[in-house]
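Asks: What follows is upload.txt, made up of compact mmCIF, C-alpha atoms:
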```txt
# COMPACT_ATOMS: atom_id res chain seq x y z
CA MET A 1 -6.65 -26.68 2.43
CA ILE A 2 -4.04 -25.20 4.74
CA TYR A 3 -3.07 -21.95 3.09
CA LEU A 4 0.47 -20.87 3.93
CA ASN A 5 1.06 -18.57 0.97
CA ASN A 6 -0.12 -15.35 2.57
CA ALA A 7 2.88 -13.41 1.26
CA ALA A 8 1.37 -13.92 -2.20
CA THR A 9 -2.15 -13.00 -1.15
CA THR A 10 -4.33 -13.52 1.88
CA LEU A 11 -6.80 -16.10 0.63
CA GLN A 12 -8.89 -15.87 3.78
CA LYS A 13 -10.39 -12.42 4.36
CA PRO A 14 -12.72 -11.04 7.01
CA PRO A 15 -16.30 -11.84 5.87
CA CYS A 16 -17.12 -8.12 5.84
CA VAL A 17 -14.80 -7.67 2.84
CA ALA A 18 -16.72 -9.86 0.40
CA GLN A 19 -19.98 -8.44 1.74
CA ALA A 20 -18.79 -4.89 1.12
CA VAL A 21 -17.81 -5.76 -2.46
CA VAL A 22 -21.15 -7.42 -3.14
CA ASP A 23 -23.03 -4.46 -1.65
CA ALA A 24 -20.91 -2.06 -3.67
CA MET A 25 -21.61 -3.92 -6.91
CA SER A 26 -25.30 -3.56 -6.23
CA HIS A 27 -25.34 0.08 -5.14
CA LEU A 28 -22.29 2.07 -6.17
CA GLY A 29 -22.15 4.29 -9.22
CA ASN A 30 -19.01 6.00 -10.44
CA GLY A 31 -17.57 8.36 -7.85
CA ALA A 32 -16.83 11.89 -9.10
CA ARG A 33 -18.90 11.32 -12.23
CA GLY A 34 -22.14 12.92 -11.06
CA GLY A 35 -23.95 14.04 -7.94
CA HIS A 36 -26.80 11.58 -7.52
CA THR A 37 -27.21 8.77 -5.04
CA GLY A 38 -25.16 6.02 -6.69
CA GLU A 39 -22.30 8.31 -7.66
CA MET A 40 -22.22 9.98 -4.27
CA SER A 41 -22.21 6.59 -2.52
CA ALA A 42 -19.18 5.63 -4.59
CA ALA A 43 -17.41 8.92 -3.92
CA ARG A 44 -18.07 8.65 -0.18
CA THR A 45 -16.96 5.02 -0.06
CA VAL A 46 -13.67 5.81 -1.79
CA PHE A 47 -13.17 8.82 0.46
CA GLN A 48 -13.82 6.75 3.59
CA THR A 49 -11.27 4.19 2.41
CA ARG A 50 -8.70 6.97 1.95
CA GLU A 51 -9.42 8.20 5.46
CA ALA A 52 -9.17 4.72 6.98
CA LEU A 53 -5.84 4.05 5.27
CA ALA A 54 -4.47 7.44 6.32
CA LYS A 55 -5.39 6.59 9.91
CA LEU A 56 -3.83 3.14 9.66
CA PHE A 57 -0.57 4.56 8.26
CA GLY A 58 -0.27 7.52 10.63
CA PHE A 59 -0.68 10.01 7.79
CA SER A 60 -2.65 13.21 8.23
CA HIS A 61 -3.37 13.82 4.52
CA PRO A 62 -6.06 11.41 3.27
CA GLU A 63 -6.32 13.40 0.05
CA ARG A 64 -2.75 12.31 -0.70
CA VAL A 65 -3.59 8.60 -0.41
CA ILE A 66 -3.57 7.70 -4.11
CA PHE A 67 -5.27 4.55 -5.32
CA THR A 68 -3.64 2.22 -7.82
CA ALA A 69 -4.25 -1.33 -8.99
CA ASN A 70 -1.49 -2.81 -6.84
CA ALA A 71 1.82 -2.07 -5.14
CA THR A 72 3.69 -2.44 -8.43
CA GLN A 73 1.72 0.39 -10.03
CA ALA A 74 2.20 2.48 -6.88
CA LEU A 75 5.96 1.94 -6.99
CA ASN A 76 6.06 2.76 -10.71
CA THR A 77 4.07 5.94 -9.99
CA ALA A 78 6.62 6.97 -7.37
CA LEU A 79 9.75 6.06 -9.33
CA PHE A 80 8.71 7.40 -12.74
CA GLY A 81 7.08 10.43 -11.16
CA LEU A 82 10.09 11.47 -9.13
CA LEU A 83 13.26 10.54 -11.00
CA ASN A 84 14.87 12.57 -13.78
CA PRO A 85 17.83 11.86 -16.06
CA GLY A 86 21.03 12.05 -14.06
CA ASP A 87 19.38 11.33 -10.72
CA HIS A 88 20.89 8.62 -8.53
CA VAL A 89 18.89 6.10 -6.49
CA ILE A 90 19.90 3.78 -3.69
CA ALA A 91 17.90 0.53 -3.59
CA THR A 92 18.64 -2.72 -1.77
CA ASP A 93 19.21 -6.40 -2.42
CA TRP A 94 15.89 -7.06 -0.69
CA ASP A 95 13.89 -5.35 -3.41
CA HIS A 96 11.24 -7.14 -5.41
CA ASN A 97 11.01 -6.94 -9.19
CA SER A 98 8.27 -4.34 -8.66
CA VAL A 99 11.15 -1.99 -7.80
CA LEU A 100 14.02 -3.61 -9.69
CA ARG A 101 12.39 -3.64 -13.11
CA PRO A 102 11.17 -0.03 -13.12
CA LEU A 103 14.64 1.02 -11.96
CA HIS A 104 16.16 -1.01 -14.79
CA VAL A 105 13.92 0.78 -17.31
CA LEU A 106 14.77 4.16 -15.79
CA ALA A 107 18.48 3.35 -15.96
CA ARG A 108 18.36 2.08 -19.53
CA GLU A 109 16.00 4.64 -21.04
CA ARG A 110 16.38 7.76 -18.92
CA GLY A 111 19.91 7.70 -17.59
CA VAL A 112 18.94 7.25 -13.95
CA GLU A 113 21.82 5.81 -11.92
CA VAL A 114 21.18 3.02 -9.40
CA ASP A 115 23.22 1.45 -6.62
CA PHE A 116 22.18 -1.36 -4.32
CA LEU A 117 22.80 -1.77 -0.62
CA PRO A 118 24.00 -5.38 -0.39
CA ALA A 119 22.70 -8.14 1.86
CA ASP A 120 25.04 -10.70 3.40
CA ARG A 121 24.76 -14.51 3.24
CA GLN A 122 22.19 -14.43 6.08
CA GLY A 123 20.17 -11.89 4.17
CA ARG A 124 21.02 -9.02 6.51
CA LEU A 125 21.35 -5.62 4.90
CA ARG A 126 24.79 -4.03 5.25
CA TYR A 127 23.60 -0.72 6.70
CA ASP A 128 27.22 0.17 7.42
CA GLN A 129 27.76 0.57 3.68
CA LEU A 130 24.95 3.08 3.15
CA GLU A 131 27.17 6.13 3.54
CA GLU A 132 29.54 4.89 0.83
CA LEU A 133 26.71 4.82 -1.70
CA VAL A 134 25.68 8.47 -1.42
CA ARG A 135 26.59 10.76 -4.29
CA PRO A 136 25.94 14.45 -4.91
CA ASN A 137 23.12 13.50 -7.32
CA THR A 138 21.45 10.93 -5.02
CA LYS A 139 17.76 11.77 -4.81
CA LEU A 140 15.97 8.72 -3.45
CA LEU A 141 16.37 5.84 -1.04
CA VAL A 142 13.93 3.03 -1.84
CA CYS A 143 13.63 0.07 0.52
CA THR A 144 11.24 -2.78 0.97
CA HIS A 145 9.87 -2.88 4.52
CA ALA A 146 10.16 -6.67 4.72
CA SER A 147 11.94 -9.08 2.42
CA ASN A 148 9.26 -11.15 0.74
CA LEU A 149 11.74 -14.03 0.85
CA THR A 150 13.19 -14.10 4.37
CA GLY A 151 10.62 -11.97 6.20
CA ASN A 152 13.36 -9.81 7.70
CA LEU A 153 12.20 -6.30 8.57
CA LEU A 154 13.99 -3.16 7.53
CA ASP A 155 15.37 -0.90 10.24
CA VAL A 156 13.03 1.88 9.11
CA GLU A 157 14.29 4.42 11.62
CA ARG A 158 17.86 3.94 10.49
CA ALA A 159 16.94 4.14 6.80
CA ALA A 160 14.74 7.21 7.31
CA SER A 161 17.36 8.92 9.42
CA PHE A 162 19.98 8.28 6.74
CA ALA A 163 17.67 9.68 4.05
CA ARG A 164 16.86 12.75 6.12
CA ARG A 165 20.51 13.40 6.91
CA HIS A 166 21.40 13.41 3.22
CA GLY A 167 18.32 15.25 1.98
CA LEU A 168 16.95 12.22 0.11
CA TYR A 169 13.36 11.19 -0.41
CA PHE A 170 12.50 7.90 1.31
CA LEU A 171 10.19 5.46 -0.49
CA LEU A 172 9.05 2.44 1.54
CA ASP A 173 7.62 -0.59 -0.23
CA ALA A 174 5.13 -1.95 2.30
CA ALA A 175 3.76 -4.73 0.07
CA GLN A 176 4.57 -7.35 2.71
CA THR A 177 3.80 -5.33 5.82
CA ALA A 178 0.82 -3.01 5.33
CA GLY A 179 -1.91 -4.18 7.67
CA SER A 180 0.23 -6.63 9.59
CA THR A 181 3.11 -4.48 10.87
CA PRO A 182 2.64 -1.09 12.55
CA ILE A 183 3.54 1.80 10.24
CA SER A 184 3.41 5.51 11.00
CA MET A 185 4.53 7.56 8.02
CA GLU A 186 4.90 10.79 9.90
CA GLU A 187 6.60 9.38 12.99
CA MET A 188 8.92 7.20 10.93
CA GLY A 189 9.84 9.88 8.37
CA ILE A 190 8.50 8.09 5.31
CA ASP A 191 7.95 10.32 2.26
CA LEU A 192 6.32 7.77 -0.02
CA LEU A 193 4.56 4.60 1.09
CA ALA A 194 3.52 1.99 -1.48
CA PHE A 195 1.05 -0.71 -0.46
CA THR A 196 -1.09 -3.44 -1.91
CA GLY A 197 -4.62 -4.10 -0.74
CA HIS A 198 -4.78 -7.88 -1.03
CA LYS A 199 -2.02 -9.13 1.27
CA GLY A 200 -1.80 -8.03 4.91
CA LEU A 201 -4.60 -5.53 4.41
CA MET A 202 -6.86 -8.49 3.53
CA GLY A 203 -8.74 -6.56 0.84
CA PRO A 204 -9.56 -7.50 -2.75
CA GLN A 205 -6.95 -7.97 -5.46
CA GLY A 206 -6.77 -5.04 -7.87
CA THR A 207 -6.44 -2.54 -5.03
CA GLY A 208 -3.36 -0.75 -3.78
CA GLY A 209 -1.99 2.70 -3.43
CA LEU A 210 0.66 5.25 -2.70
CA CYS A 211 0.74 7.75 0.16
CA VAL A 212 2.57 10.89 -0.94
CA ALA A 213 3.89 13.25 1.75
CA PRO A 214 3.19 16.95 1.08
CA ARG A 215 6.86 17.70 0.45
CA VAL A 216 6.91 15.35 -2.55
CA GLU A 217 5.61 16.27 -5.98
CA LEU A 218 5.25 13.55 -8.57
CA ARG A 219 4.60 13.66 -12.31
CA PRO A 220 1.50 11.62 -13.17
CA LEU A 221 2.21 8.16 -14.54
CA VAL A 222 -1.15 8.12 -16.33
CA SER A 223 -3.34 10.94 -17.60
CA GLY A 224 -7.05 11.00 -18.29
CA GLY A 225 -10.46 11.79 -16.91
CA THR A 226 -10.84 12.90 -13.31
CA GLY A 227 -14.38 14.27 -13.16
CA VAL A 228 -13.05 17.77 -12.39
CA ARG A 229 -11.36 20.54 -14.42
CA SER A 230 -12.32 18.89 -17.67
CA PHE A 231 -11.23 21.81 -19.86
CA GLU A 232 -7.65 21.63 -18.62
CA GLU A 233 -5.27 19.75 -20.89
CA GLU A 234 -3.07 18.57 -18.04
CA GLN A 235 -3.94 16.48 -15.00
CA PRO A 236 -5.22 18.71 -12.16
CA ALA A 237 -2.44 19.82 -9.82
CA GLU A 238 -4.51 18.90 -6.77
CA TYR A 239 -4.33 15.50 -5.08
CA PRO A 240 -5.60 12.85 -5.39
CA GLU A 241 -6.77 13.66 -8.93
CA HIS A 242 -3.20 14.62 -9.91
CA LEU A 243 -2.20 10.95 -9.81
CA GLU A 244 -5.54 9.22 -10.43
CA ALA A 245 -6.89 9.09 -13.98
CA GLY A 246 -9.89 7.07 -15.09
CA THR A 247 -12.53 5.28 -13.08
CA LEU A 248 -11.24 3.86 -9.82
CA ASN A 249 -11.89 0.30 -8.68
CA GLY A 250 -14.76 1.50 -6.50
CA HIS A 251 -16.05 -2.00 -5.79
CA GLY A 252 -12.63 -3.22 -4.76
CA LEU A 253 -12.00 -0.09 -2.69
CA ALA A 254 -15.28 -0.68 -0.85
CA GLY A 255 -13.89 -4.09 0.13
CA LEU A 256 -10.54 -2.59 1.04
CA GLY A 257 -12.26 -0.01 3.23
CA ALA A 258 -14.11 -2.76 5.08
CA ALA A 259 -10.85 -4.68 5.51
CA VAL A 260 -9.02 -1.64 6.90
CA ASP A 261 -11.88 -0.95 9.30
CA PHE A 262 -11.58 -4.56 10.47
CA ILE A 263 -7.83 -4.12 10.99
CA LEU A 264 -8.31 -0.86 12.87
CA ASP A 265 -10.87 -2.54 15.12
CA THR A 266 -8.66 -5.59 15.68
CA GLY A 267 -5.43 -3.63 16.04
CA VAL A 268 -2.34 -3.96 13.86
CA GLU A 269 -0.28 -4.71 16.95
CA ALA A 270 -2.54 -7.65 17.83
CA ILE A 271 -2.38 -8.99 14.28
CA HIS A 272 1.39 -8.62 14.23
CA ALA A 273 1.76 -10.40 17.58
CA HIS A 274 -0.42 -13.30 16.39
CA GLU A 275 1.53 -13.72 13.16
CA LEU A 276 4.88 -13.38 14.91
CA ALA A 277 3.95 -16.09 17.42
CA LEU A 278 3.00 -18.42 14.57
CA THR A 279 6.27 -17.68 12.78
CA HIS A 280 8.34 -18.46 15.87
CA ARG A 281 6.36 -21.66 16.45
CA PHE A 282 7.17 -22.74 12.90
CA ALA A 283 10.81 -21.63 13.07
CA GLN A 284 11.35 -23.52 16.31
CA GLY A 285 9.64 -26.60 14.93
CA ILE A 286 11.78 -26.87 11.83
CA ARG A 287 14.97 -26.77 13.90
CA ASP A 288 14.24 -30.37 14.89
CA ILE A 289 13.81 -31.56 11.33
CA PRO A 290 16.99 -32.94 9.77
CA GLY A 291 18.08 -31.60 6.41
CA VAL A 292 16.28 -28.25 6.66
CA THR A 293 18.18 -25.09 5.75
CA VAL A 294 16.44 -21.90 6.83
CA TYR A 295 17.28 -18.51 5.34
CA GLY A 296 17.30 -15.12 6.98
CA ASP A 297 17.85 -13.62 10.39
CA PHE A 298 15.59 -14.69 13.27
CA SER A 299 17.15 -12.47 15.93
CA GLY A 300 14.59 -9.65 15.85
CA ASP A 301 11.15 -8.56 14.81
CA ARG A 302 10.05 -9.89 11.43
CA ALA A 303 7.27 -10.45 8.93
CA PRO A 304 5.50 -13.83 9.00
CA VAL A 305 7.58 -15.43 6.25
CA VAL A 306 10.00 -18.35 6.48
CA ALA A 307 12.10 -19.53 3.52
CA LEU A 308 13.79 -22.91 3.59
CA ASN A 309 15.10 -25.81 1.59
CA LEU A 310 14.78 -29.47 2.41
CA GLU A 311 17.72 -31.72 1.65
CA GLY A 312 17.01 -34.11 -1.20
CA TRP A 313 14.06 -32.10 -2.49
CA ASP A 314 13.91 -29.47 -5.14
CA PRO A 315 11.56 -26.71 -3.95
CA ALA A 316 9.04 -27.21 -6.75
CA SER A 317 8.67 -30.93 -6.00
CA ALA A 318 8.44 -30.22 -2.29
CA ALA A 319 5.69 -27.64 -2.87
CA ASP A 320 3.84 -30.06 -5.14
CA THR A 321 4.07 -32.85 -2.58
CA LEU A 322 2.85 -30.54 0.18
CA ALA A 323 -0.11 -29.62 -2.03
CA GLN A 324 -0.95 -33.09 -3.32
CA ASP A 325 -0.28 -35.25 -0.27
CA TYR A 326 -0.94 -32.84 2.60
CA ASP A 327 -3.22 -30.17 1.10
CA ILE A 328 -0.82 -27.44 2.18
CA ALA A 329 -0.25 -24.42 -0.10
CA VAL A 330 3.20 -22.82 -0.14
CA ARG A 331 5.27 -21.15 -2.85
CA PRO A 332 8.52 -22.42 -4.39
CA GLY A 333 10.79 -20.59 -6.83
CA ILE A 334 12.51 -17.22 -6.94
CA HIS A 335 9.61 -15.11 -5.60
CA CYS A 336 10.45 -12.15 -7.89
CA ALA A 337 13.46 -11.45 -5.66
CA PRO A 338 16.51 -12.25 -7.84
CA ARG A 339 19.02 -10.10 -5.95
CA MET A 340 18.04 -11.62 -2.62
CA HIS A 341 18.44 -15.15 -3.93
CA ARG A 342 21.90 -14.25 -5.23
CA ALA A 343 22.79 -12.82 -1.82
CA LEU A 344 21.64 -16.02 -0.11
CA GLY A 345 23.31 -18.23 -2.72
CA THR A 346 20.02 -19.87 -3.68
CA GLN A 347 19.77 -18.49 -7.21
CA ASP A 348 20.16 -21.92 -8.83
CA VAL A 349 17.42 -23.69 -6.89
CA GLY A 350 15.21 -21.06 -5.29
CA CYS A 351 13.55 -22.08 -2.07
CA LEU A 352 10.28 -22.98 -0.42
CA ARG A 353 8.42 -20.13 1.22
CA PHE A 354 5.93 -20.55 4.07
CA SER A 355 3.99 -17.41 4.91
CA PHE A 356 1.35 -16.95 7.56
CA GLY A 357 -1.59 -14.64 8.01
CA TYR A 358 -4.23 -13.48 10.43
CA TYR A 359 -6.38 -16.55 9.75
CA THR A 360 -3.52 -19.06 10.11
CA ARG A 361 -3.98 -21.25 13.21
CA GLU A 362 -1.45 -23.05 15.39
CA ALA A 363 -2.90 -26.32 14.09
CA ASP A 364 -1.93 -25.25 10.54
CA ILE A 365 1.65 -24.67 11.66
CA ASP A 366 1.76 -28.05 13.39
CA ALA A 367 0.37 -29.78 10.31
CA ALA A 368 3.03 -28.17 8.13
CA LEU A 369 5.75 -29.23 10.56
CA ALA A 370 4.45 -32.80 10.61
CA ALA A 371 4.41 -32.88 6.82
CA LEU A 372 7.97 -31.57 6.55
CA LYS A 373 9.09 -34.12 9.13
CA GLU A 374 7.67 -36.95 7.05
CA MET A 375 9.16 -35.56 3.87
CA ALA A 376 12.57 -35.29 5.53
CA GLU A 377 12.60 -39.02 6.28
CA PRO A 378 14.75 -41.08 3.89
CA CYS A 379 12.85 -42.59 0.96
CA GLU A 380 12.60 -46.38 0.84
CA MET B 1 -43.06 24.84 -12.55
CA ARG B 2 -40.06 24.62 -10.28
CA VAL B 3 -39.43 27.76 -8.28
CA LYS B 4 -35.83 28.92 -8.09
CA ARG B 5 -34.56 29.86 -4.67
CA PRO B 6 -31.49 31.73 -3.55
CA THR B 7 -28.80 29.20 -2.72
CA LEU B 8 -25.33 29.56 -1.33
CA VAL B 9 -22.99 27.46 -3.46
CA ILE B 10 -19.47 26.52 -2.36
CA THR B 11 -17.09 25.03 -4.88
CA PHE B 12 -13.98 22.92 -4.40
CA PRO B 13 -10.84 22.05 -6.35
CA THR B 14 -11.33 18.30 -5.99
CA THR B 15 -14.01 15.73 -5.27
CA THR B 16 -12.11 14.74 -2.14
CA ALA B 17 -12.21 18.33 -0.87
CA ALA B 18 -15.98 18.41 -1.43
CA LEU B 19 -16.40 15.21 0.56
CA GLN B 20 -14.21 16.49 3.37
CA TRP B 21 -16.43 19.58 3.48
CA GLU B 22 -19.59 17.48 3.52
CA ARG B 23 -18.19 15.43 6.41
CA GLN B 24 -17.48 18.57 8.46
CA CYS B 25 -20.88 20.13 7.76
CA GLN B 26 -22.72 16.95 8.72
CA ALA B 27 -20.74 16.74 11.95
CA LEU B 28 -21.70 20.33 12.75
CA ASN B 29 -25.34 19.93 11.63
CA ILE B 30 -24.94 22.64 9.04
CA PRO B 31 -27.75 22.25 6.53
CA GLY B 32 -26.95 21.60 2.90
CA ARG B 33 -26.04 18.93 0.43
CA ILE B 34 -23.67 18.00 -2.36
CA ILE B 35 -24.82 18.99 -5.85
CA PRO B 36 -23.20 18.94 -9.30
CA VAL B 37 -21.46 22.28 -9.91
CA PRO B 38 -24.10 24.63 -11.46
CA VAL B 39 -23.46 25.66 -15.03
CA THR B 40 -23.73 29.31 -13.97
CA ILE B 41 -20.39 28.76 -12.25
CA THR B 42 -18.82 26.50 -14.87
CA ALA B 43 -19.81 24.04 -17.57
CA ASP B 44 -17.05 21.87 -16.13
CA CYS B 45 -17.87 18.82 -14.03
CA GLY B 46 -17.41 18.43 -10.31
CA LEU B 47 -19.26 18.72 -7.03
CA ALA B 48 -20.35 21.70 -4.97
CA TRP B 49 -22.05 22.28 -1.62
CA ALA B 50 -25.47 23.94 -1.68
CA MET B 51 -27.01 25.48 1.45
CA PRO B 52 -29.52 28.14 2.48
CA PRO B 53 -28.00 31.65 2.41
CA ALA B 54 -29.56 32.30 5.81
CA ASP B 55 -27.00 29.90 7.29
CA ARG B 56 -24.00 31.69 5.77
CA GLY B 57 -22.84 32.73 9.23
CA ARG B 58 -22.41 29.12 10.22
CA LEU B 59 -19.59 28.67 7.70
CA GLU B 60 -17.28 30.19 10.27
CA GLU B 61 -17.77 27.02 12.32
CA VAL B 62 -16.20 24.85 9.64
CA PRO B 63 -12.48 24.28 10.19
CA GLU B 64 -10.18 25.62 7.49
CA LEU B 65 -10.63 23.38 4.51
CA SER B 66 -9.76 23.68 0.87
CA ARG B 67 -12.54 25.46 -0.99
CA SER B 68 -12.47 27.42 -4.21
CA ASP B 69 -15.36 29.87 -4.06
CA CYS B 70 -18.58 30.81 -2.31
CA LEU B 71 -21.38 32.32 -4.38
CA GLU B 72 -25.08 33.07 -3.95
CA LEU B 73 -27.10 31.85 -6.91
CA MET B 74 -30.72 31.28 -7.85
CA LEU B 75 -31.07 27.52 -8.17
```
Please re-express this file's structure in structure tokens.
Replies:
Amino acid sequence: MIYLNNAATTLQKPPCVAQAVVDAMSHLGNGARGGHTGEMSAARTVFQTREALAKLFGFSHPERVIFTANATQALNTALFGLLNPGDHVIATDWDHNSVLRPLHVLARERGVEVDFLPADRQGRLRYDQLEELVRPNTKLLVCTHASNLTGNLLDVERAASFARRHGLYFLLDAAQTAGSTPISMEEMGIDLLAFTGHKGLMGPQGTGGLCVAPRVELRPLVSGGTGVRSFEEEQPAEYPEHLEAGTLNGHGLAGLGAAVDFILDTGVEAIHAHELALTHRFAQGIRDIPGVTVYGDFSGDRAPVVALNLEGWDPASAADTLAQDYDIAVRPGIHCAPRMHRALGTQDVGCLRFSFGYYTREADIDAALAALKEMAEPCE
Amino acid sequence: MRVKRPTLVITFPTTTAALQWERQCQALNIPGRIIPVPVTITADCGLAWAMPPADRGRLEEVPELSRSDCLELML
């Protein structure tokens, strides 16, 4: 199979990841639930994963790298932990339902006010309209680092600078970029960074997290056992326990730690360059195929995602044909990005998304192009 | 019968702080190990660092890290 659905998950991982999970399942106890060998191995493994992620994200506070089950839980932790009734949030048309739905709940149930920075027909964010959205009660700017639909990258410096200028917190959703696009929280001015472990980081599913800058205090989304301060009725004030209740996914985090070590050894810049080259190869190739409509802006740096439609095909049928006749995996539909589809005008049909990863080869790109070329030919 | 010895016990607010401490001590070759917090300090759970009192002076080598307390106990 040629797997071109890496924006959903990276199916191919470095071999060290599965090995780390298997080793962990044989040897790890429950970190912070005792002081003997198995428990200490688990505690050290989780700690090392925090340290590796802090290094990867240019963040000097590994104790404030909070583990969650995925990016969605991390984003919920940030949004529900920060926002109060009457607060105003600026989000964007690029946002995934992992941001849109929690904001909808907060608006409906807690009186949080939300405005969205629009995207134009090419999917470009209208940064020039940011200033118009600020209100006296604006507290947070939340942006996705890369649209999971078009692959366009946020101008992080511009967004962070805007947030800083207006005294807002800046939450970056790095679900599509962590591990494959360079990120430095402290250099870029990011207050909250949400990530998933199973996409660009190439770790196991069921892992993710939130990096919380020291200037941000969040209410816990969940409460429960931490292995410390057991007589206290509230969650401990100290991080990471403040935002982590219950047993962590130690086995998954062992795999994530191995994956992050692999990325640090390989270099995020090298991974990004490889994926960008593949994306440009694909984007150039589809220009020659008649009937292809491509979405998004290809003028600058981007994530390795290309969304398109093929004349005469509905995206679901096209994806099924690619799977059945060519053994190529892609994703059709709305991709949990309803506002972006409305901005692009594709809300009635969706589109076909090709997304590449570290283990994608040039030959995979060429095979996908050849398949699309055949599919674009008129039927007999 | 196990003989109790004087032990210097350092406690921490979080498990992560205890592990950061362990990392620093290992890097500096400061003797000691992680233990469950002794009940003479608290019946609560958590981890502590146990080391020979004779090496107390070496604690000054450890960079400033979050720690709650430092006590000498018979363990």
Asks: What lies within 10 Å of Val216 in chain A using only C-alpha atoms, ignoring chain neighbours under 5 positions off, as a ChimeraX atom specification?
Replies: /A:78,81-82,169,191-192
Asks: I need the residue nearest Cys70 in chain B from this list: B:Ile10, B:Val39, B:Leu47, B:Leu19. Use all atoms listed in the file for the distance.
Replies: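 Nearest candidate to Cys70 in chain B out of B:Ile10, B:Val39, B:Leu47, B:Leu19: B:Ile10.
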Asks: List the neighbours of Arg58 in chain B out to 12 Å using all atoms listed in the file; skip same-chain residues closer than 5 positions along the sequence, and give me the result as a list in words.
Replies: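 Contacts, in chain order: Leu8, Gln24, Cys25, Leu28, Asn29, Ile30, Pro31, Gly32, Met51, Pro52, Pro53 and Pro63 of chain B.
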Asks: Show me the residues close to (6.4, -14.1, 8.6) - anything with an atom within 6 Å, counting only C-alpha atoms - and format the list as a PyMOL selection string.
Replies: chain A and resi 151+279+303-306+355-356
Asks: List the neighbours of Leu73 in chain B out to 8 Å using all atoms listed in the file; skip same-chain residues closer than 2 positions along the sequence, and give me the result as a VMD selection string.
Replies: chain B and resid 6 to 9 71 75
Asks: Write out N, CA, C and O atoms for range 71-82 of chain A, as a PDB file, in the coordinates of the input.
Replies:
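Full text of result.pdb as output:
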```pdb
ATOM      1  N   ALA A  71       0.597  -2.731  -5.629  1.00  0.00           N
ATOM      2  CA  ALA A  71       1.820  -2.070  -5.140  1.00  0.00           C
ATOM      3  C   ALA A  71       2.770  -1.769  -6.296  1.00  0.00           C
ATOM      4  O   ALA A  71       3.471  -0.752  -6.289  1.00  0.00           O
ATOM      5  N   THR A  72       2.793  -2.658  -7.286  1.00  0.00           N
ATOM      6  CA  THR A  72       3.690  -2.440  -8.430  1.00  0.00           C
ATOM      7  C   THR A  72       3.376  -1.119  -9.126  1.00  0.00           C
ATOM      8  O   THR A  72       4.274  -0.334  -9.440  1.00  0.00           O
ATOM      9  N   GLN A  73       2.096  -0.862  -9.370  1.00  0.00           N
ATOM     10  CA  GLN A  73       1.720   0.390 -10.030  1.00  0.00           C
ATOM     11  C   GLN A  73       2.037   1.588  -9.119  1.00  0.00           C
ATOM     12  O   GLN A  73       2.452   2.653  -9.594  1.00  0.00           O
ATOM     13  N   ALA A  74       1.869   1.401  -7.825  1.00  0.00           N
ATOM     14  CA  ALA A  74       2.200   2.480  -6.880  1.00  0.00           C
ATOM     15  C   ALA A  74       3.691   2.785  -6.932  1.00  0.00           C
ATOM     16  O   ALA A  74       4.106   3.952  -6.949  1.00  0.00           O
ATOM     17  N   LEU A  75       4.506   1.740  -6.956  1.00  0.00           N
ATOM     18  CA  LEU A  75       5.960   1.940  -6.990  1.00  0.00           C
ATOM     19  C   LEU A  75       6.383   2.576  -8.318  1.00  0.00           C
ATOM     20  O   LEU A  75       7.249   3.462  -8.344  1.00  0.00           O
ATOM     21  N   ASN A  76       5.764   2.141  -9.410  1.00  0.00           N
ATOM     22  CA  ASN A  76       6.060   2.760 -10.710  1.00  0.00           C
ATOM     23  C   ASN A  76       5.662   4.240 -10.695  1.00  0.00           C
ATOM     24  O   ASN A  76       6.363   5.090 -11.247  1.00  0.00           O
ATOM     25  N   THR A  77       4.523   4.551 -10.081  1.00  0.00           N
ATOM     26  CA  THR A  77       4.070   5.940  -9.990  1.00  0.00           C
ATOM     27  C   THR A  77       5.107   6.783  -9.244  1.00  0.00           C
ATOM     28  O   THR A  77       5.438   7.906  -9.650  1.00  0.00           O
ATOM     29  N   ALA A  78       5.629   6.235  -8.164  1.00  0.00           N
ATOM     30  CA  ALA A  78       6.620   6.970  -7.370  1.00  0.00           C
ATOM     31  C   ALA A  78       7.935   7.123  -8.139  1.00  0.00           C
ATOM     32  O   ALA A  78       8.491   8.224  -8.223  1.00  0.00           O
ATOM     33  N   LEU A  79       8.424   6.032  -8.709  1.00  0.00           N
ATOM     34  CA  LEU A  79       9.750   6.060  -9.330  1.00  0.00           C
ATOM     35  C   LEU A  79       9.750   6.889 -10.616  1.00  0.00           C
ATOM     36  O   LEU A  79      10.621   7.740 -10.818  1.00  0.00           O
ATOM     37  N   PHE A  80       8.769   6.652 -11.475  1.00  0.00           N
ATOM     38  CA  PHE A  80       8.710   7.400 -12.740  1.00  0.00           C
ATOM     39  C   PHE A  80       8.291   8.850 -12.504  1.00  0.00           C
ATOM     40  O   PHE A  80       8.617   9.737 -13.289  1.00  0.00           O
ATOM     41  N   GLY A  81       7.555   9.077 -11.437  1.00  0.00           N
ATOM     42  CA  GLY A  81       7.080  10.430 -11.160  1.00  0.00           C
ATOM     43  C   GLY A  81       8.113  11.324 -10.510  1.00  0.00           C
ATOM     44  O   GLY A  81       7.999  12.547 -10.541  1.00  0.00           O
ATOM     45  N   LEU A  82       9.127  10.704  -9.919  1.00  0.00           N
ATOM     46  CA  LEU A  82      10.090  11.470  -9.130  1.00  0.00           C
ATOM     47  C   LEU A  82      11.444  11.637  -9.836  1.00  0.00           C
ATOM     48  O   LEU A  82      12.083  12.687  -9.723  1.00  0.00           O
TER      49      LEU A  82
END
```
